[in-house]
Amino acid sequence: MNLEFGRLALVLLFAIIPVVGIALGINSPGLRARIPLLVAFFAGAIPIISLYVPKKFLSGPTGMSPRLDQWLIIVYAFAILLGVVNVLQNSTRKIARRESGWPFSIVLLVGLFATGGAGIYGAVSRHGITSLPDGTATPFKWIQDQFFQPLQSTIFALLAFFMASAAFRAFRARNTEATILLFAGGLVMAGRVPLLEFLAAPFPPLQPAAAGASQALGKLTEWIMDTPNGAAQSGIIIGAALGASSMAIRVILGIERGYLGLGRGE
Amino acid sequence: MANVLDKLLSLDRRWIFLLVLLCVGTPIVLPIGLPVATTGSTRAAFDYIEALKPGDYVWISFDYGPSSAPENDPMAEAILRQCFAKKIRVIVCAFYPLGGLGLATNSLAKVTAQFPNVRYGEDYVNLGYKDGAAAAMRRLGENIAEAFPADVNGTSLTQIPIMKGVRSIRQVQLVVSVATGVIGEYWITQVHSQIGTPIIIGPTAVAAPKYYAYLNAGQLVGMLGGMKGAAEYEKLLSARYPDMARFYQTTRGFTATKGMDGQTVIHAVIILFILIGNIAYMSRRAAQKKGA
């Protein structure tokens, strides 16, 4: 009985009310704004209430909150579709207008259709997107192994070159804060790797001293990461969580309405 | 002297790029074999898995992509090797959209080739990729099949022997998230905080600092921070299992221990660059003050 109440409530709140709202909102701009606020209020409030009200229709295995979680997974999948549509719109416009770099948009679209097509083929043929029963790669996995992975790795590997160049040109002790950052950064960089052993490698008599100093430097590095860094990170995480909570409350209560994308007077 | 420093500062950046290439590439081709000291967080992670019993479940989530694979792959593979050596059952999934599943499949193929007795569906399973990481994790607490109704090959979970003993993540003894971004935090907030399952994180070195807060709060049982953490894990694994020691000494493939040689050399070069840059900056500033 409880389960049915939960289902009925979800259908009412997230199907009937929005549909009625869209229908009535055609002639009433004010109503068009209020119905999404109502949907957002219930979508945000139900999971919170379910944490504190142990009722089966709310938090039970098939209650309203778990069902909203399942819906969320589906909504996430639709977000990918939205991304695909966005890429298609932007790229086709760029190609049609021959804007700067338009040949790259062709490459992007070919990549999108080839990879997406290989994925859909894997689903339709029931071969999946990893390996075939005989161990060979499916078309999707082949594209991933031969194109996607090397390209991603290459782009990220370029970072090492720019970091070294930036360290040379931009990492300066311009003021007290920058000097502290520079000193701590240098210590952590030296302490996270066996730097002293490496530097002492050509001088065997220095190696035992280098090993001892490296151990001490390693401990100092761990202290920096554990204590000042750990404390600062805790503060940042707590601050960000409080900020996110306050923003969530503003959205649930309808104070924050930017996400609706409404025009003036709506 | 000031002239030399000025010349150094105006050095064409392509010389710097060439130096970086040589410093990273040479130790990978010709390994130096520098020693790696272990840290408490890595030892805690290793000891926790070591204390698990044969038949226990470990959930390994591949939450990274090819961009950080040199750091994350060795962690995931070392943990897989430890689990298979201890006959721990492994459930694998991926929540990272940009190639997490492909890396999981490749790592599993590489590691299971070393363990001929390990059988798919009985000793390990690959549940594939799922979008909406945080929402999917919340469902794992009630029923794994609600988030992952089938494995990566489309086989229903009800037909996979390993999944018969585990309905929800509450029955899993440990979750390991090898992560590059925020997904590792989701495991802590959605699974550990709400369900209580112990978590080990294997983040990239860039992401590691934020996880110290969770480690200090007791919300993680251990952490493998970047390539250093992976190299420490390989060292611990080699010390405990002679077969692994032989493997890590003889393999021609990439390991974190080999990567640490390159990382050490490039750290030395970057520290040198910072020193030269700052000496030049300070001498120029002193000269300007004198001139004024």
# chains A, B, ... in the order shown; residues from 1 in each chain; ligands from 1
>>> residues_around(residues="Thr115 (chain A)", least_positions_apart="6", cutoff="9 Å", atoms="only C-alpha atoms", output="list of chain:residue names")
A:Pro139, A:Phe140, A:Ile143, A:Gln144
>>> interface_residues(of="chain B", to="chain A", cutoff="6 Å", atoms="only C-alpha atoms", output="list of chain:residue names")
B:Phe17, B:Pro66, B:Ser67, B:Gly132, B:Ala135, B:Asn153, B:Lys210, B:Tyr212, B:Ala213, B:Thr264, B:Ile270, B:Phe273, B:Ile274, B:Gly277, B:Asn278
>>> write_last_selection(atoms="N, CA, C and O atoms", output="mmCIF file, in the first residue's frame")
data_model
loop_
_atom_site.group_PDB
_atom_site.id
_atom_site.type_symbol
_atom_site.label_atom_id
_atom_site.label_comp_id
_atom_site.auth_asym_id
_atom_site.auth_seq_id
_atom_site.Cartn_x
_atom_site.Cartn_y
_atom_site.Cartn_z
ATOM 1 N N PHE B 17 62.361 22.358 -23.771
ATOM 2 C CA PHE B 17 61.572 21.188 -24.162
ATOM 3 C C PHE B 17 62.477 19.991 -24.479
ATOM 4 O O PHE B 17 62.191 18.861 -24.086
ATOM 5 N N PRO B 66 42.959 7.781 -20.012
ATOM 6 C CA PRO B 66 44.310 7.592 -20.544
ATOM 7 C C PRO B 66 45.265 8.724 -20.178
ATOM 8 O O PRO B 66 46.476 8.517 -20.128
ATOM 9 N N SER B 67 44.738 9.940 -19.915
ATOM 10 C CA SER B 67 45.627 11.060 -19.599
ATOM 11 C C SER B 67 46.451 10.807 -18.346
ATOM 12 O O SER B 67 47.566 11.299 -18.233
ATOM 13 N N GLY B 132 26.593 8.848 -14.388
ATOM 14 C CA GLY B 132 25.962 9.356 -13.166
ATOM 15 C C GLY B 132 26.545 8.714 -11.930
ATOM 16 O O GLY B 132 25.835 8.091 -11.134
ATOM 17 N N ALA B 135 24.860 9.021 -8.268
ATOM 18 C CA ALA B 135 23.540 8.376 -8.183
ATOM 19 C C ALA B 135 23.676 6.861 -8.258
ATOM 20 O O ALA B 135 23.002 6.128 -7.521
ATOM 21 N N ASN B 153 29.673 -7.680 -20.850
ATOM 22 C CA ASN B 153 29.312 -8.478 -22.029
ATOM 23 C C ASN B 153 27.802 -8.600 -22.203
ATOM 24 O O ASN B 153 27.340 -9.298 -23.103
ATOM 25 N N LYS B 210 44.116 16.786 -1.696
ATOM 26 C CA LYS B 210 42.796 16.929 -1.060
ATOM 27 C C LYS B 210 42.407 15.668 -0.272
ATOM 28 O O LYS B 210 41.655 15.747 0.691
ATOM 29 N N TYR B 212 44.237 13.941 1.636
ATOM 30 C CA TYR B 212 44.836 13.890 2.983
ATOM 31 C C TYR B 212 43.811 14.286 4.036
ATOM 32 O O TYR B 212 43.862 13.811 5.165
ATOM 33 N N ALA B 213 42.876 15.185 3.673
ATOM 34 C CA ALA B 213 41.835 15.588 4.626
ATOM 35 C C ALA B 213 40.967 14.385 4.996
ATOM 36 O O ALA B 213 40.634 14.175 6.172
ATOM 37 N N THR B 264 62.091 11.434 -10.873
ATOM 38 C CA THR B 264 63.151 12.003 -10.027
ATOM 39 C C THR B 264 64.025 12.961 -10.834
ATOM 40 O O THR B 264 64.319 14.080 -10.377
ATOM 41 N N ILE B 270 63.410 20.558 -12.794
ATOM 42 C CA ILE B 270 62.470 21.656 -12.527
ATOM 43 C C ILE B 270 62.939 22.485 -11.331
ATOM 44 O O ILE B 270 62.879 23.715 -11.358
ATOM 45 N N PHE B 273 65.586 24.667 -12.571
ATOM 46 C CA PHE B 273 64.994 25.767 -13.348
ATOM 47 C C PHE B 273 64.452 26.855 -12.416
ATOM 48 O O PHE B 273 64.648 28.049 -12.658
ATOM 49 N N ILE B 274 63.765 26.420 -11.364
ATOM 50 C CA ILE B 274 63.181 27.398 -10.428
ATOM 51 C C ILE B 274 64.302 28.203 -9.763
ATOM 52 O O ILE B 274 64.210 29.425 -9.626
ATOM 53 N N GLY B 277 65.866 30.607 -12.325
ATOM 54 C CA GLY B 277 64.907 31.675 -12.600
ATOM 55 C C GLY B 277 64.845 32.681 -11.478
ATOM 56 O O GLY B 277 64.819 33.897 -11.714
ATOM 57 N N ASN B 278 64.876 32.205 -10.221
ATOM 58 C CA ASN B 278 64.768 33.100 -9.072
ATOM 59 C C ASN B 278 66.064 33.873 -8.826
ATOM 60 O O ASN B 278 66.014 35.045 -8.439
#
>>> select_by_dssp(residues="region 40-146 of chain A", states="alpha helix (DSSP H)", output="MDAnalysis selection string")
chainID A and resid 40:52 56:59 64:96 102:124 139:143
>>> atom_distance(atom1="CA of Tyr211 (chain B)", atom2="CA of Ala184 (chain A)")
18.3 Å
>>> atom_distance(atom1="CA of Phe5 (chain A)", atom2="CA of Leu24 (chain A)")
26.1 Å
>>> residues_around(residues="Arg252 (chain B)", least_positions_apart="6", cutoff="12 Å", atoms="only C-alpha atoms", output="list of chain:residue names")
B:Ile28, B:Val29, B:Leu30, B:Pro31, B:Arg246, B:Lys258
>>> residues_around(residues="Gly181 (chain B)", least_positions_apart="2", cutoff="8 Å", atoms="only C-alpha atoms", output="list in words")
Asp63, Tyr64, Ala179, Ile183, Gly184, Pro203 and Ala207 of chain B
>>> atom_distance(atom1="CA of Ser61 (chain B)", atom2="CA of Phe115 (chain B)")
20.4 Å
>>> residues_around(residues="Val125 (chain B)", least_positions_apart="3", cutoff="8 Å", atoms="only C-alpha atoms", output="ChimeraX atom specification")
/B:90-92,120-122,151,162
>>> write_last_selection(atoms="all heavy atoms", output="CSV table (one decimal), in the first residue's frame")
chain,number,residue,atom,x,y,z
B,90,VAL,N,37.2,-10.2,-7.1
B,90,VAL,CA,37.3,-8.8,-7.6
B,90,VAL,C,36.1,-8.4,-8.5
B,90,VAL,O,35.8,-9.2,-9.4
B,90,VAL,CB,38.6,-8.6,-8.3
B,90,VAL,CG1,38.7,-7.1,-8.8
B,90,VAL,CG2,39.8,-8.9,-7.5
B,91,ILE,N,35.4,-7.3,-8.1
B,91,ILE,CA,34.4,-6.8,-9.0
B,91,ILE,C,34.9,-5.5,-9.5
B,91,ILE,O,35.4,-4.6,-8.8
B,91,ILE,CB,33.1,-6.5,-8.2
B,91,ILE,CG1,32.6,-7.8,-7.5
B,91,ILE,CG2,32.0,-5.9,-9.0
B,91,ILE,CD1,31.5,-7.6,-6.5
B,92,VAL,N,34.9,-5.3,-10.8
B,92,VAL,CA,35.5,-4.2,-11.5
B,92,VAL,C,34.4,-3.3,-12.2
B,92,VAL,O,33.4,-3.9,-12.7
B,92,VAL,CB,36.5,-4.6,-12.5
B,92,VAL,CG1,36.9,-3.5,-13.5
B,92,VAL,CG2,37.8,-5.1,-11.9
B,120,TYR,N,37.0,-15.8,-15.3
B,120,TYR,CA,36.0,-14.7,-15.4
B,120,TYR,C,34.7,-15.2,-14.9
B,120,TYR,O,34.2,-16.3,-15.3
B,120,TYR,CB,35.9,-14.2,-16.8
B,120,TYR,CG,35.0,-13.0,-16.9
B,120,TYR,CD1,35.4,-11.8,-16.6
B,120,TYR,CD2,33.6,-13.2,-17.3
B,120,TYR,CE1,34.5,-10.7,-16.6
B,120,TYR,CE2,32.7,-12.1,-17.3
B,120,TYR,CZ,33.2,-10.9,-17.0
B,120,TYR,OH,32.3,-9.8,-17.0
B,121,GLY,N,34.0,-14.4,-14.1
B,121,GLY,CA,32.7,-14.8,-13.6
B,121,GLY,C,32.7,-15.6,-12.3
B,121,GLY,O,31.7,-15.6,-11.6
B,122,GLU,N,33.9,-16.2,-12.0
B,122,GLU,CA,34.0,-16.9,-10.7
B,122,GLU,C,34.9,-16.1,-9.8
B,122,GLU,O,34.6,-16.0,-8.6
B,122,GLU,CB,34.5,-18.3,-11.0
B,122,GLU,CG,33.5,-19.2,-11.7
B,122,GLU,CD,34.1,-20.5,-12.1
B,122,GLU,OE1,35.2,-20.9,-11.5
B,122,GLU,OE2,33.5,-21.2,-13.0
B,151,ASP,N,26.8,-7.5,-16.8
B,151,ASP,CA,28.2,-7.2,-16.9
B,151,ASP,C,28.5,-6.5,-18.2
B,151,ASP,O,27.6,-6.2,-19.0
B,151,ASP,CB,29.0,-8.4,-16.6
B,151,ASP,CG,29.0,-9.4,-17.8
B,151,ASP,OD1,28.2,-9.2,-18.7
B,151,ASP,OD2,29.8,-10.3,-17.8
B,162,ILE,N,30.0,-15.3,-9.4
B,162,ILE,CA,30.6,-14.4,-8.4
B,162,ILE,C,29.6,-13.5,-7.8
B,162,ILE,O,29.7,-13.1,-6.6
B,162,ILE,CB,31.8,-13.7,-9.0
B,162,ILE,CG1,32.6,-12.9,-7.9
B,162,ILE,CG2,31.4,-12.7,-10.1
B,162,ILE,CD1,33.8,-12.1,-8.4
>>> residues_around(residues="Asn143 (chain B)", least_positions_apart="6", cutoff="10 Å", atoms="only C-alpha atoms", output="list in words")
Pro61 of chain A; Pro149, Val166, Arg167, Ser168, Ile169 and Arg170 of chain B
>>> residues_around(residues="Asp47 (chain B)", least_positions_apart="4", cutoff="12 Å", atoms="only C-alpha atoms", output="ChimeraX atom specification")
/B:40-43,51-52,79,82,200,221-223,233,236-237,240
>>> write_last_selection(atoms="C-alpha atoms", output="JSON list (two decimals), in the first residue's frame")
[["chain", "number", "residue", "atom", "x", "y", "z"],
["B", 40, "GLY", "CA", 52.29, 5.18, 6.04],
["B", 41, "SER", "CA", 49.22, 5.70, 3.82],
["B", 42, "THR", "CA", 50.45, 3.20, 1.20],
["B", 43, "ARG", "CA", 51.48, 0.66, 3.85],
["B", 51, "ALA", "CA", 44.48, -8.89, 6.03],
["B", 52, "LEU", "CA", 41.47, -9.86, 3.87],
["B", 79, "ILE", "CA", 46.13, -4.16, -6.45],
["B", 82, "GLN", "CA", 47.60, -8.73, -4.85],
["B", 200, "ILE", "CA", 41.18, 3.01, -0.49],
["B", 221, "VAL", "CA", 41.87, 3.20, 5.16],
["B", 222, "GLY", "CA", 44.77, 4.04, 2.86],
["B", 223, "MET", "CA", 45.94, 6.01, -0.14],
["B", 233, "TYR", "CA", 52.92, -0.50, -3.63],
["B", 236, "LEU", "CA", 55.61, -3.77, -0.86],
["B", 237, "LEU", "CA", 54.14, -6.35, -3.23],
["B", 240, "ARG", "CA", 55.75, -9.95, 0.21]]
>>> closest_residue(among="A:Phe104, A:Tyr52, A:Phe203, A:Phe14", to="Ala40 (chain A)", atoms="only C-alpha atoms")
A:Phe14
